[in-house]
$ cat my_file_29.cif   # mmCIF, C-alpha atoms
data_structure
loop_
_atom_site.label_atom_id
_atom_site.label_comp_id
_atom_site.auth_asym_id
_atom_site.auth_seq_id
_atom_site.Cartn_x
_atom_site.Cartn_y
_atom_site.Cartn_z
CA MET A 1 -2.90 -19.58 3.08
CA ALA A 2 -0.99 -16.33 2.68
CA LEU A 3 2.60 -16.36 3.89
CA SER A 4 3.68 -14.14 6.76
CA GLU A 5 6.14 -11.30 6.34
CA GLN A 6 8.82 -13.44 8.00
CA ASP A 7 8.18 -16.35 5.62
CA VAL A 8 8.40 -14.06 2.60
CA LEU A 9 11.60 -12.48 3.90
CA ALA A 10 13.16 -15.92 4.43
CA GLY A 11 12.07 -17.08 0.97
CA LEU A 12 13.34 -13.92 -0.67
CA ALA A 13 16.67 -14.19 1.15
CA GLU A 14 17.04 -17.68 -0.27
CA LEU A 15 16.44 -16.38 -3.81
CA VAL A 16 18.97 -13.59 -3.29
CA ASN A 17 21.48 -16.14 -2.05
CA ASP A 18 20.87 -18.44 -5.05
CA GLU A 19 21.41 -15.62 -7.53
CA THR A 20 24.24 -13.66 -5.92
CA GLY A 21 25.81 -15.79 -3.19
CA ILE A 22 25.00 -13.12 -0.60
CA ALA A 23 24.43 -14.78 2.80
CA ALA A 24 20.71 -15.14 3.48
CA ASP A 25 21.00 -13.54 6.94
CA ALA A 26 22.42 -10.38 5.33
CA VAL A 27 19.12 -9.86 3.54
CA GLN A 28 17.32 -7.71 6.09
CA MET A 29 14.24 -5.53 5.74
CA GLU A 30 15.95 -2.15 5.79
CA LYS A 31 18.68 -3.07 3.30
CA SER A 32 18.72 -1.50 -0.15
CA PHE A 33 19.15 -4.02 -2.97
CA THR A 34 21.49 -1.73 -4.88
CA ASP A 35 23.32 0.33 -2.28
CA ASP A 36 23.67 -2.18 0.59
CA LEU A 37 23.55 -5.57 -1.11
CA ASP A 38 25.25 -4.45 -4.37
CA ILE A 39 22.74 -6.33 -6.53
CA ASP A 40 22.82 -5.18 -10.14
CA SER A 41 19.76 -4.65 -12.35
CA ILE A 42 20.05 -7.98 -14.16
CA SER A 43 20.39 -10.01 -10.94
CA MET A 44 17.49 -8.01 -9.53
CA MET A 45 15.31 -9.02 -12.46
CA THR A 46 16.30 -12.67 -12.08
CA ILE A 47 15.33 -12.49 -8.39
CA VAL A 48 12.02 -10.84 -9.34
CA VAL A 49 11.11 -13.56 -11.86
CA ASN A 50 12.06 -16.30 -9.39
CA ALA A 51 10.02 -14.54 -6.69
CA GLU A 52 7.00 -14.51 -8.99
CA ASP A 53 7.31 -18.29 -9.34
CA LYS A 54 7.99 -18.92 -5.68
CA PHE A 55 5.26 -16.71 -4.22
CA GLY A 56 2.67 -16.87 -7.01
CA VAL A 57 2.59 -13.11 -7.57
CA LYS A 58 2.95 -10.97 -10.67
CA ILE A 59 5.54 -8.20 -10.35
CA PRO A 60 5.16 -5.92 -13.40
CA ASP A 61 8.20 -4.23 -15.00
CA GLU A 62 7.03 -0.79 -13.87
CA GLU A 63 6.83 -2.03 -10.27
CA VAL A 64 10.39 -3.39 -10.21
CA LYS A 65 11.93 0.09 -10.11
CA ASN A 66 9.94 0.84 -6.93
CA LEU A 67 11.49 -2.10 -5.08
CA ILE A 68 14.35 -0.18 -3.51
CA THR A 69 14.64 -2.00 -0.19
CA VAL A 70 14.05 -5.57 0.85
CA ALA A 71 11.02 -4.29 2.81
CA ASP A 72 9.56 -2.85 -0.42
CA ALA A 73 9.74 -6.29 -2.03
CA VAL A 74 8.43 -8.15 1.03
CA ASN A 75 5.51 -5.72 1.37
CA PHE A 76 4.64 -5.93 -2.32
CA ILE A 77 4.68 -9.72 -2.24
CA THR A 78 2.68 -10.08 1.01
CA SER A 79 0.00 -7.65 -0.16
CA ASN A 80 -0.30 -9.18 -3.65
CA GLN A 81 -0.35 -12.89 -2.87
CA GLY A 82 -3.13 -14.74 -4.65
CA MET B 83 38.20 -2.07 -28.67
CA THR B 84 38.83 -2.82 -25.00
CA ASN B 85 36.65 -1.96 -22.01
CA ASP B 86 39.29 0.46 -20.78
CA GLU B 87 39.02 2.44 -24.02
CA ILE B 88 35.31 3.12 -23.52
CA ALA B 89 34.92 3.06 -19.73
CA GLY B 90 35.82 6.71 -19.02
CA PRO B 91 32.74 8.55 -20.36
CA ILE B 92 30.36 6.11 -18.63
CA GLU B 93 32.32 6.28 -15.35
CA SER B 94 32.83 2.54 -15.46
CA SER B 95 35.71 0.07 -15.45
CA ASP B 96 36.91 -3.04 -17.21
CA GLU B 97 35.85 -5.13 -14.20
CA TRP B 98 32.34 -3.62 -14.03
CA ILE B 99 31.74 -4.19 -17.75
CA ARG B 100 33.07 -7.77 -17.68
CA GLN B 101 30.98 -8.62 -14.65
CA ARG B 102 27.75 -7.19 -16.01
CA THR B 103 28.05 -8.10 -19.69
CA GLY B 104 30.81 -10.69 -20.16
CA ILE B 105 32.33 -8.46 -22.81
CA VAL B 106 36.12 -8.15 -22.89
CA THR B 107 36.43 -6.44 -26.28
CA ARG B 108 34.01 -5.31 -28.96
CA VAL B 109 34.89 -5.03 -32.63
CA ARG B 110 34.47 -1.56 -34.08
CA ALA B 111 35.09 -0.75 -37.74
CA PRO B 112 38.03 1.57 -38.36
CA GLU B 113 37.36 4.96 -39.90
CA GLY B 114 36.76 4.54 -43.60
CA GLN B 115 35.33 1.02 -43.37
CA SER B 116 31.63 1.06 -44.12
CA LEU B 117 28.82 -1.35 -43.41
CA MET B 118 28.85 -2.19 -47.12
CA ASP B 119 32.58 -2.99 -47.05
CA MET B 120 31.95 -5.51 -44.27
CA ALA B 121 28.84 -6.95 -45.93
CA VAL B 122 30.69 -7.43 -49.22
CA GLU B 123 33.63 -9.16 -47.54
CA ALA B 124 31.37 -11.54 -45.59
CA SER B 125 29.26 -12.26 -48.68
CA LYS B 126 32.28 -13.07 -50.83
CA GLU B 127 33.50 -15.56 -48.23
CA ALA B 128 30.06 -17.21 -48.04
CA ILE B 129 29.79 -17.42 -51.83
CA GLU B 130 33.26 -18.90 -52.14
CA LYS B 131 32.61 -21.51 -49.45
CA SER B 132 29.27 -22.47 -51.00
CA GLY B 133 30.97 -23.22 -54.31
CA ILE B 134 28.30 -21.49 -56.39
CA ASP B 135 28.83 -18.76 -58.94
CA PRO B 136 27.45 -15.41 -57.72
CA SER B 137 25.40 -15.11 -60.91
CA GLU B 138 23.32 -18.05 -59.63
CA ILE B 139 22.00 -16.00 -56.69
CA ASP B 140 18.33 -15.17 -57.18
CA ALA B 141 17.78 -12.97 -54.13
CA VAL B 142 19.92 -10.87 -51.80
CA ILE B 143 18.54 -10.06 -48.34
CA LEU B 144 20.41 -7.64 -46.13
CA ALA B 145 19.30 -7.48 -42.50
CA THR B 146 20.48 -4.24 -40.97
CA ILE B 147 19.43 -1.21 -38.97
CA SER B 148 22.52 0.84 -39.73
CA PHE B 149 22.67 1.32 -43.51
CA PRO B 150 22.91 5.10 -43.75
CA TYR B 151 20.45 5.60 -46.64
CA ALA B 152 16.68 5.25 -46.31
CA THR B 153 16.72 4.40 -50.01
CA PRO B 154 17.93 2.74 -52.17
CA SER B 155 18.45 -0.40 -50.15
CA GLY B 156 21.88 -1.64 -49.19
CA ALA B 157 21.01 -5.02 -50.67
CA THR B 158 20.84 -3.71 -54.24
CA MET B 159 24.33 -2.24 -53.89
CA LEU B 160 25.52 -5.46 -52.28
CA ALA B 161 24.07 -7.56 -55.11
CA ALA B 162 26.00 -5.53 -57.64
CA GLU B 163 29.21 -5.60 -55.58
CA VAL B 164 29.24 -9.39 -55.27
CA GLY B 165 28.29 -10.08 -58.88
CA ALA B 166 24.75 -11.27 -58.23
CA GLY B 167 23.61 -9.40 -61.34
CA ASP B 168 19.87 -8.85 -61.50
CA ALA B 169 18.98 -10.74 -58.31
CA ALA B 170 16.00 -9.50 -56.32
CA ALA B 171 17.45 -7.43 -53.49
CA TYR B 172 16.01 -5.81 -50.40
CA ASP B 173 16.83 -4.86 -46.82
CA ILE B 174 14.92 -5.99 -43.80
CA SER B 175 14.65 -4.07 -40.56
CA ALA B 176 14.15 -6.48 -37.69
CA ALA B 177 17.15 -5.38 -35.61
CA CYS B 178 18.74 -8.24 -33.67
CA ALA B 179 16.19 -10.69 -35.10
CA GLY B 180 17.05 -9.60 -38.64
CA TYR B 181 19.33 -12.45 -39.65
CA CYS B 182 16.84 -15.11 -38.54
CA TYR B 183 14.08 -13.21 -40.36
CA GLY B 184 16.29 -13.35 -43.45
CA ILE B 185 16.85 -17.09 -43.10
CA ALA B 186 13.07 -17.57 -42.75
CA GLN B 187 12.51 -15.63 -45.95
CA ALA B 188 15.25 -17.45 -47.85
CA ASP B 189 13.79 -20.78 -46.73
CA ALA B 190 10.33 -19.76 -47.95
CA LEU B 191 11.62 -18.38 -51.27
CA ILE B 192 13.44 -21.61 -52.02
CA ARG B 193 10.64 -23.94 -50.90
CA SER B 194 8.15 -22.02 -53.05
CA GLY B 195 10.35 -22.43 -56.10
CA ASN B 196 10.82 -18.68 -56.44
CA SER B 197 14.57 -18.83 -55.87
CA LYS B 198 17.33 -21.38 -56.09
CA TYR B 199 20.02 -19.56 -54.13
CA VAL B 200 19.55 -16.72 -51.66
CA LEU B 201 22.30 -14.65 -50.06
CA VAL B 202 21.35 -13.66 -46.50
CA VAL B 203 23.53 -11.11 -44.74
CA GLY B 204 23.33 -9.65 -41.26
CA GLY B 205 25.48 -6.54 -41.15
CA GLU B 206 25.79 -3.56 -38.85
CA LYS B 207 27.95 -0.55 -38.25
CA LEU B 208 26.38 0.32 -34.92
CA SER B 209 29.29 2.55 -33.95
CA ASP B 210 27.65 5.26 -36.10
CA PHE B 211 24.63 5.19 -33.77
CA ILE B 212 26.04 5.10 -30.27
CA SER B 213 26.69 7.66 -27.58
CA PRO B 214 29.94 7.41 -25.59
CA THR B 215 28.07 8.51 -22.44
CA ASP B 216 25.13 6.09 -22.75
CA ARG B 217 25.16 3.45 -20.00
CA SER B 218 22.20 1.47 -21.34
CA ILE B 219 23.51 -0.22 -24.49
CA SER B 220 26.19 1.70 -26.41
CA PHE B 221 29.11 0.14 -24.55
CA LEU B 222 27.92 -3.34 -25.56
CA LEU B 223 27.80 -2.65 -29.26
CA GLY B 224 30.15 -3.60 -32.06
CA ASP B 225 30.33 -3.67 -35.85
CA GLY B 226 30.47 -6.57 -38.27
CA ALA B 227 28.81 -8.65 -40.95
CA GLY B 228 28.05 -12.33 -41.42
CA ALA B 229 26.62 -14.04 -44.48
CA ALA B 230 25.13 -17.32 -45.65
CA ILE B 231 24.12 -18.82 -48.96
CA VAL B 232 20.86 -20.74 -48.65
CA GLY B 233 20.11 -23.22 -51.40
CA PRO B 234 18.03 -26.25 -52.33
CA SER B 235 18.49 -29.53 -50.48
CA ASP B 236 17.19 -33.08 -50.71
CA HIS B 237 16.50 -33.06 -46.97
CA PRO B 238 15.26 -30.30 -44.64
CA GLY B 239 18.15 -28.06 -43.60
CA ILE B 240 16.07 -25.28 -42.06
CA SER B 241 13.15 -25.97 -39.74
CA LYS B 242 9.92 -24.01 -39.59
CA THR B 243 10.68 -20.55 -38.20
CA VAL B 244 8.88 -19.48 -35.06
CA TRP B 245 8.71 -15.70 -35.18
CA GLY B 246 6.70 -12.71 -34.15
CA SER B 247 6.74 -9.28 -32.59
CA ASP B 248 5.50 -7.30 -29.62
CA GLY B 249 4.93 -3.74 -30.76
CA ALA B 250 3.36 -2.81 -27.42
CA ASN B 251 6.98 -2.65 -26.26
CA TRP B 252 8.16 -0.65 -29.27
CA ASP B 253 9.87 1.85 -26.98
CA LYS B 254 11.93 -0.63 -24.94
CA VAL B 255 14.88 -0.73 -27.39
CA GLY B 256 15.37 1.90 -30.04
CA MET B 257 16.65 5.35 -30.86
CA THR B 258 16.83 8.49 -28.74
CA GLY B 259 14.92 10.41 -31.44
CA SER B 260 13.79 10.41 -35.06
CA ILE B 261 15.83 11.80 -37.95
CA LEU B 262 13.08 14.41 -38.47
CA ASP B 263 13.52 15.62 -34.90
CA PHE B 264 17.26 15.78 -35.58
CA ARG B 265 16.67 17.77 -38.78
CA ASP B 266 14.45 20.19 -36.84
CA GLY B 267 17.03 20.65 -34.10
CA LYS B 268 14.84 19.00 -31.46
CA THR B 269 17.29 16.24 -30.62
CA GLU B 270 20.96 15.36 -30.79
CA TRP B 271 22.11 12.80 -33.37
CA PRO B 272 19.83 9.80 -32.62
CA THR B 273 21.62 6.92 -30.93
CA LEU B 274 20.63 3.52 -29.61
CA VAL B 275 19.16 3.15 -26.15
CA GLN B 276 17.30 0.48 -24.17
CA GLU B 277 15.48 -0.20 -20.93
CA GLY B 278 17.69 -2.99 -19.67
CA GLN B 279 15.54 -4.67 -17.03
CA PRO B 280 12.33 -5.30 -18.98
CA VAL B 281 14.35 -6.27 -22.04
CA PHE B 282 16.35 -8.77 -19.99
CA ARG B 283 13.16 -10.35 -18.64
CA TRP B 284 11.66 -10.61 -22.13
CA ALA B 285 14.90 -11.82 -23.75
CA VAL B 286 15.27 -14.70 -21.33
CA TRP B 287 11.92 -15.89 -20.06
CA GLU B 288 9.78 -15.10 -23.11
CA MET B 289 12.43 -16.04 -25.66
CA VAL B 290 13.16 -19.39 -24.01
CA LYS B 291 9.54 -20.29 -24.75
CA VAL B 292 10.09 -19.35 -28.41
CA ALA B 293 13.32 -21.39 -28.55
CA LYS B 294 11.52 -24.44 -27.12
CA GLU B 295 8.72 -24.00 -29.64
CA ALA B 296 11.22 -23.81 -32.51
CA LEU B 297 13.00 -26.94 -31.32
CA GLU B 298 9.69 -28.77 -31.05
CA ALA B 299 8.68 -27.61 -34.54
CA SER B 300 11.94 -29.03 -35.91
CA GLY B 301 11.08 -32.51 -34.63
CA LEU B 302 14.53 -32.78 -33.08
CA ALA B 303 15.34 -33.61 -29.48
CA PRO B 304 17.67 -31.39 -27.41
CA GLU B 305 20.42 -34.02 -27.65
CA ASP B 306 20.28 -33.84 -31.46
CA LEU B 307 21.61 -30.28 -31.35
CA SER B 308 25.28 -29.40 -31.74
CA ALA B 309 24.91 -25.77 -30.76
CA LEU B 310 22.74 -23.04 -29.35
CA VAL B 311 23.38 -19.74 -31.11
CA THR B 312 21.41 -16.94 -29.52
CA HIS B 313 21.65 -13.31 -30.44
CA GLN B 314 24.81 -12.14 -28.69
CA ALA B 315 23.18 -9.43 -26.59
CA ASN B 316 24.84 -9.82 -23.21
CA MET B 317 26.58 -12.77 -21.59
CA ARG B 318 24.16 -12.62 -18.66
CA ILE B 319 21.28 -13.18 -21.09
CA ILE B 320 23.11 -16.02 -22.84
CA ASP B 321 23.99 -17.74 -19.53
CA GLU B 322 20.49 -17.45 -18.08
CA PHE B 323 18.98 -18.48 -21.43
CA ALA B 324 21.11 -21.64 -21.60
CA LYS B 325 20.28 -22.45 -17.97
CA GLN B 326 16.54 -22.11 -18.55
CA LEU B 327 16.66 -24.22 -21.73
CA GLU B 328 18.30 -27.09 -19.81
CA LEU B 329 20.18 -28.39 -22.83
CA PRO B 330 22.53 -31.36 -22.50
CA GLU B 331 26.20 -30.56 -21.92
CA SER B 332 27.03 -31.79 -25.41
CA VAL B 333 25.34 -28.70 -26.89
CA VAL B 334 27.88 -25.92 -27.41
CA VAL B 335 26.61 -22.48 -26.40
CA ALA B 336 27.93 -19.70 -28.64
CA ARG B 337 29.65 -16.93 -26.68
CA ASP B 338 31.21 -14.80 -29.39
CA ILE B 339 30.08 -11.73 -27.44
CA VAL B 340 33.22 -11.95 -25.27
CA GLU B 341 35.40 -10.67 -28.09
CA THR B 342 32.99 -9.24 -30.65
CA GLY B 343 30.37 -7.48 -28.52
CA ASN B 344 26.74 -7.13 -29.53
CA THR B 345 26.53 -6.63 -33.30
CA SER B 346 22.73 -6.82 -33.67
CA ALA B 347 21.79 -8.51 -36.98
CA ALA B 348 25.38 -9.70 -37.48
CA SER B 349 25.76 -11.44 -34.15
CA ILE B 350 24.29 -14.84 -35.00
CA PRO B 351 26.21 -15.47 -38.25
CA LEU B 352 29.41 -14.17 -36.64
CA ALA B 353 28.94 -16.44 -33.62
CA MET B 354 28.24 -19.40 -35.88
CA HIS B 355 31.27 -18.58 -37.99
CA ARG B 356 33.45 -18.65 -34.88
CA LEU B 357 32.09 -22.03 -33.74
CA LEU B 358 32.86 -23.52 -37.16
CA ALA B 359 36.25 -21.82 -37.54
CA GLU B 360 37.38 -22.97 -34.10
CA GLY B 361 36.16 -26.51 -34.73
CA GLN B 362 33.72 -26.39 -31.82
CA VAL B 363 31.00 -27.72 -34.11
CA LYS B 364 31.06 -29.62 -37.36
CA SER B 365 29.39 -28.97 -40.67
CA GLY B 366 26.18 -31.00 -40.88
CA GLY B 367 25.35 -30.62 -37.18
CA TYR B 368 22.22 -28.83 -36.06
CA ALA B 369 22.12 -25.41 -34.41
CA LEU B 370 19.17 -23.78 -32.72
CA GLU B 371 19.44 -20.09 -33.56
CA ILE B 372 17.31 -17.33 -32.09
CA GLY B 373 17.38 -13.60 -32.70
CA PHE B 374 15.51 -11.09 -30.55
CA GLY B 375 15.60 -7.36 -30.07
CA ALA B 376 14.14 -3.99 -30.97
CA GLY B 377 10.55 -4.06 -32.10
CA LEU B 378 10.30 -6.06 -30.06
CA ALA B 379 10.88 -8.67 -32.77
CA TYR B 380 12.05 -12.26 -32.62
CA ALA B 381 12.66 -15.34 -34.78
CA ALA B 382 14.03 -18.81 -34.12
CA GLN B 383 14.76 -21.85 -36.25
CA VAL B 384 16.99 -24.91 -36.31
CA VAL B 385 19.51 -24.97 -39.13
CA GLU B 386 21.94 -27.51 -40.43
CA LEU B 387 25.39 -26.04 -40.03
CA PRO B 388 27.12 -25.17 -43.32
#

$ encode --input "my_file_29.cif" --output "structure tokens"
Amino acid sequence: MALSEQDVLAGLAELVNDETGIAADAVQMEKSFTDDLDIDSISMMTIVVNAEDKFGVKIPDEEVKNLITVADAVNFITSNQG
Amino acid sequence: MTNDEIAGPIESSDEWIRQRTGIVTRVRAPEGQSLMDMAVEASKEAIEKSGIDPSEIDAVILATISFPYATPSGATMLAAEVGAGDAAAYDISAACAGYCYGIAQADALIRSGNSKYVLVVGGEKLSDFISPTDRSISFLLGDGAGAAIVGPSDHPGISKTVWGSDGANWDKVGMTGSILDFRDGKTEWPTLVQEGQPVFRWAVWEMVKVAKEALEASGLAPEDLSALVTHQANMRIIDEFAKQLELPESVVVARDIVETGNTSAASIPLAMHRLLAEGQVKSGGYALEIGFGAGLAYAAQVVELP
């Protein structure tokens, strides 16, 4: 069964926390990974690879640069779940 | 060269560079010191430590991407400089995988009976091919050379090499232009550049698979290893790589990048040299070494430490 937007957000927040130590409740839909959460490109890629594992989706390299906000990532994952 | 010395043109800082790369200093050759000077010095040390006479060397392999002549090869000059006489000599261009490619070739040449002793050198003067304003790779790069003498043994000292390439990603690490474009005024002096994110993903998650395959091919268990010596690309890659490999704590992870920077083909022999010189590992132990970089090209093998 496909996960809801809220489930994906919670799961993603956990991955962000694991990689960067940022509190999970700071990971909100409108936040920008770079500008608001100060996540660098290498941490971002680690989060992406872990998200692929966790949610069973493939996030291609060319798609990663389009994931500006948390909402971008949540939407991509929810609409590409297997 | 410190982070502060290079941070200005990339609008960065010592803290930013340390945090994102783990690099505190990178070694850059002073004006007047060439790639060949460094390769000769490293080779002479390797020859002396091996105890052989340079005239016994049958082949000289120089792994480099920064020898400034398309031809003749740097290896022929190196062979003459170190007294290897009429040894076969050639360069290989496999970027950061170059040294491990060289070890694979030396291993094959000796096993086939073609050669008794092979000099393998990874050497780079990358500072000739960097841009002070490039934020993708230039600030990581350093200069240096490392060398090894590979010779016959009554027991296997080099495992089967697992290697390959991925030319579909030819453009992920490379130069800003060709020398022909430079000649024709279409580009500035070509310098090194990379797409950091895809390269990071490949260097960790794809290369960990290669490292595991190489370890399996060696017949050794993780606890048999003394060290993991990856290409010294970026501390973040090394840390994530070591984490993914799940090696026992007894395995020392080479982190020469902190002081030397990323020296492409030279990084693995330099990192190994440091581990041995500092007594972190002992001669006779086993090291899993893996080189990966532009091409994309990669090679991994387990070697007995000299």

$ closest_atom_pairs --input "my_file_29.cif" --of "chain B" --to "chain A" --cutoff "9 Å" --atoms "only C-alpha atoms" --output "tab-separated table"
residue	atom	partner	partner_atom	distance
B:Arg102	CA	A:Asp40	CA	7.9
B:Gly278	CA	A:Ser41	CA	7.8
B:Gln279	CA	A:Ile42	CA	6.3
B:Pro280	CA	A:Asp61	CA	5.8
B:Phe282	CA	A:Ile42	CA	7.0
B:Arg283	CA	A:Met45	CA	6.7
B:Trp287	CA	A:Val49	CA	8.6
B:Arg318	CA	A:Ile42	CA	7.7
B:Ile319	CA	A:Ile42	CA	8.8
B:Glu322	CA	A:Thr46	CA	8.7

$ resolve_selection --input "my_file_29.cif" --expression "the PyMOL selection byres ((chain B and resi 113) around 12)" --output "JSON list (two decimals) with C-alpha atoms, in the frame of the given file"
[["chain", "number", "residue", "atom", "x", "y", "z"],
["B", 110, "ARG", "CA", 34.47, -1.56, -34.08],
["B", 111, "ALA", "CA", 35.09, -0.75, -37.74],
["B", 112, "PRO", "CA", 38.03, 1.57, -38.36],
["B", 114, "GLY", "CA", 36.76, 4.54, -43.60],
["B", 115, "GLN", "CA", 35.33, 1.02, -43.37],
["B", 116, "SER", "CA", 31.63, 1.06, -44.12],
["B", 117, "LEU", "CA", 28.82, -1.35, -43.41],
["B", 119, "ASP", "CA", 32.58, -2.99, -47.05],
["B", 207, "LYS", "CA", 27.95, -0.55, -38.25],
["B", 209, "SER", "CA", 29.29, 2.55, -33.95],
["B", 210, "ASP", "CA", 27.65, 5.26, -36.10],
["B", 225, "ASP", "CA", 30.33, -3.67, -35.85]]

$ atom_distance --input "my_file_29.cif" --atom1 "CA of Ala51 (chain A)" --atom2 "CA of Val286 (chain B)"
15.6 Å

$ atom_distance --input "my_file_29.cif" --atom1 "CA of Ala229 (chain B)" --atom2 "CA of Ala128 (chain B)"
5.9 Å

$ atom_distance --input "my_file_29.cif" --atom1 "CA of Met159 (chain B)" --atom2 "CA of Ala121 (chain B)"
10.3 Å

$ resolve_selection --input "my_file_29.cif" --expression "the PyMOL selection byres ((chain B and resi 215) around 9)" --output "mmCIF file with C-alpha atoms, in the frame of the given file"
data_model
loop_
_atom_site.group_PDB
_atom_site.id
_atom_site.type_symbol
_atom_site.label_atom_id
_atom_site.label_comp_id
_atom_site.auth_asym_id
_atom_site.auth_seq_id
_atom_site.Cartn_x
_atom_site.Cartn_y
_atom_site.Cartn_z
ATOM 1 C CA GLY B 90 35.820 6.710 -19.020
ATOM 2 C CA PRO B 91 32.740 8.550 -20.360
ATOM 3 C CA ILE B 92 30.360 6.110 -18.630
ATOM 4 C CA GLU B 93 32.320 6.280 -15.350
ATOM 5 C CA ILE B 212 26.040 5.100 -30.270
ATOM 6 C CA SER B 213 26.690 7.660 -27.580
ATOM 7 C CA PRO B 214 29.940 7.410 -25.590
ATOM 8 C CA ASP B 216 25.130 6.090 -22.750
ATOM 9 C CA ARG B 217 25.160 3.450 -20.000
ATOM 10 C CA SER B 220 26.190 1.700 -26.410
ATOM 11 C CA PHE B 221 29.110 0.140 -24.550
#

$ resolve_selection --input "my_file_29.cif" --expression "the PyMOL selection byres ((chain B and resi 363) around 9)" --output "PyMOL selection string"
chain B and resi 308-309+334+354+357-362+364-367+387

$ residues_near_point --input "my_file_29.cif" --point "(7.2, -17.5, -7.5)" --cutoff "12 Å" --atoms "all atoms listed in the file" --output "ChimeraX atom specification"
/A:8,11-12,15,46-59,77,80-82

$ residues_near_point --input "my_file_29.cif" --point "(13.9, -26.7, -30.7)" --cutoff "10 Å" --atoms "only C-alpha atoms" --output "list of chain:residue names"
B:Ser241, B:Val244, B:Val290, B:Lys291, B:Val292, B:Ala293, B:Lys294, B:Glu295, B:Ala296, B:Leu297, B:Glu298, B:Ala299, B:Ser300, B:Gly301, B:Leu302, B:Ala303, B:Pro304, B:Asp306, B:Leu307, B:Leu310, B:Leu327, B:Ala369, B:Leu370, B:Glu371, B:Ala382, B:Gln383, B:Val384

$ closest_residue --input "my_file_29.cif" --among "B:Thr269, B:Ser125, B:Asn196, B:Thr103" --to "Ile320 (chain B)" --atoms "all atoms listed in the file"
B:Thr103

$ residues_around --input "my_file_29.cif" --residues "Asp72 (chain A)" --least-positions-apart "2" --cutoff "12 Å" --atoms "all atoms listed in the file" --output "list in words"
Glu5, Val8, Leu9, Leu12, Gln28, Met29, Glu30, Lys31, Ser32, Phe33, Ile59, Glu63, Val64, Lys65, Asn66, Leu67, Ile68, Thr69, Val70, Val74, Asn75, Phe76, Ile77, Thr78 and Ser79 of chain A

$ residues_around --input "my_file_29.cif" --residues "Ala13 (chain A)" --least-positions-apart "5" --cutoff "8 Å" --atoms "all atoms listed in the file" --output "number ranges by chain"
A: 23-25, 27

$ build_atoms --input "my_file_29.cif" --residues "region 47-60 of chain A" --atoms "N, CA and C atoms" --output "PDB file, keeping the file's coordinate frame"
ATOM      1  N   ILE A  47      15.949 -12.273  -9.701  1.00  0.00           N
ATOM      2  CA  ILE A  47      15.330 -12.490  -8.390  1.00  0.00           C
ATOM      3  C   ILE A  47      13.819 -12.235  -8.479  1.00  0.00           C
ATOM      4  N   VAL A  48      13.443 -11.186  -9.187  1.00  0.00           N
ATOM      5  CA  VAL A  48      12.020 -10.840  -9.340  1.00  0.00           C
ATOM      6  C   VAL A  48      11.253 -11.984 -10.033  1.00  0.00           C
ATOM      7  N   VAL A  49      11.810 -12.491 -11.130  1.00  0.00           N
ATOM      8  CA  VAL A  49      11.110 -13.560 -11.860  1.00  0.00           C
ATOM      9  C   VAL A  49      11.016 -14.814 -10.989  1.00  0.00           C
ATOM     10  N   ASN A  50      12.094 -15.128 -10.278  1.00  0.00           N
ATOM     11  CA  ASN A  50      12.060 -16.300  -9.390  1.00  0.00           C
ATOM     12  C   ASN A  50      11.083 -16.100  -8.228  1.00  0.00           C
ATOM     13  N   ALA A  51      10.971 -14.846  -7.765  1.00  0.00           N
ATOM     14  CA  ALA A  51      10.020 -14.540  -6.690  1.00  0.00           C
ATOM     15  C   ALA A  51       8.582 -14.701  -7.183  1.00  0.00           C
ATOM     16  N   GLU A  52       8.345 -14.322  -8.424  1.00  0.00           N
ATOM     17  CA  GLU A  52       7.000 -14.510  -8.990  1.00  0.00           C
ATOM     18  C   GLU A  52       6.607 -15.987  -8.943  1.00  0.00           C
ATOM     19  N   ASP A  53       7.555 -16.831  -9.344  1.00  0.00           N
ATOM     20  CA  ASP A  53       7.310 -18.290  -9.340  1.00  0.00           C
ATOM     21  C   ASP A  53       7.086 -18.802  -7.920  1.00  0.00           C
ATOM     22  N   LYS A  54       7.976 -18.383  -7.037  1.00  0.00           N
ATOM     23  CA  LYS A  54       7.990 -18.920  -5.680  1.00  0.00           C
ATOM     24  C   LYS A  54       6.746 -18.505  -4.879  1.00  0.00           C
ATOM     25  N   PHE A  55       6.342 -17.224  -5.061  1.00  0.00           N
ATOM     26  CA  PHE A  55       5.260 -16.710  -4.220  1.00  0.00           C
ATOM     27  C   PHE A  55       3.924 -16.580  -4.970  1.00  0.00           C
ATOM     28  N   GLY A  56       3.931 -16.937  -6.260  1.00  0.00           N
ATOM     29  CA  GLY A  56       2.670 -16.870  -7.010  1.00  0.00           C
ATOM     30  C   GLY A  56       2.131 -15.458  -7.169  1.00  0.00           C
ATOM     31  N   VAL A  57       3.044 -14.494  -7.355  1.00  0.00           N
ATOM     32  CA  VAL A  57       2.590 -13.110  -7.570  1.00  0.00           C
ATOM     33  C   VAL A  57       3.106 -12.621  -8.924  1.00  0.00           C
ATOM     34  N   LYS A  58       2.464 -11.583  -9.434  1.00  0.00           N
ATOM     35  CA  LYS A  58       2.950 -10.970 -10.670  1.00  0.00           C
ATOM     36  C   LYS A  58       3.596  -9.644 -10.282  1.00  0.00           C
ATOM     37  N   ILE A  59       4.852  -9.460 -10.659  1.00  0.00           N
ATOM     38  CA  ILE A  59       5.540  -8.200 -10.350  1.00  0.00           C
ATOM     39  C   ILE A  59       5.839  -7.502 -11.680  1.00  0.00           C
ATOM     40  N   PRO A  60       5.000  -6.550 -12.082  1.00  0.00           N
ATOM     41  CA  PRO A  60       5.160  -5.920 -13.400  1.00  0.00           C
ATOM     42  C   PRO A  60       6.480  -5.129 -13.510  1.00  0.00           C
TER      43      PRO A  60
END
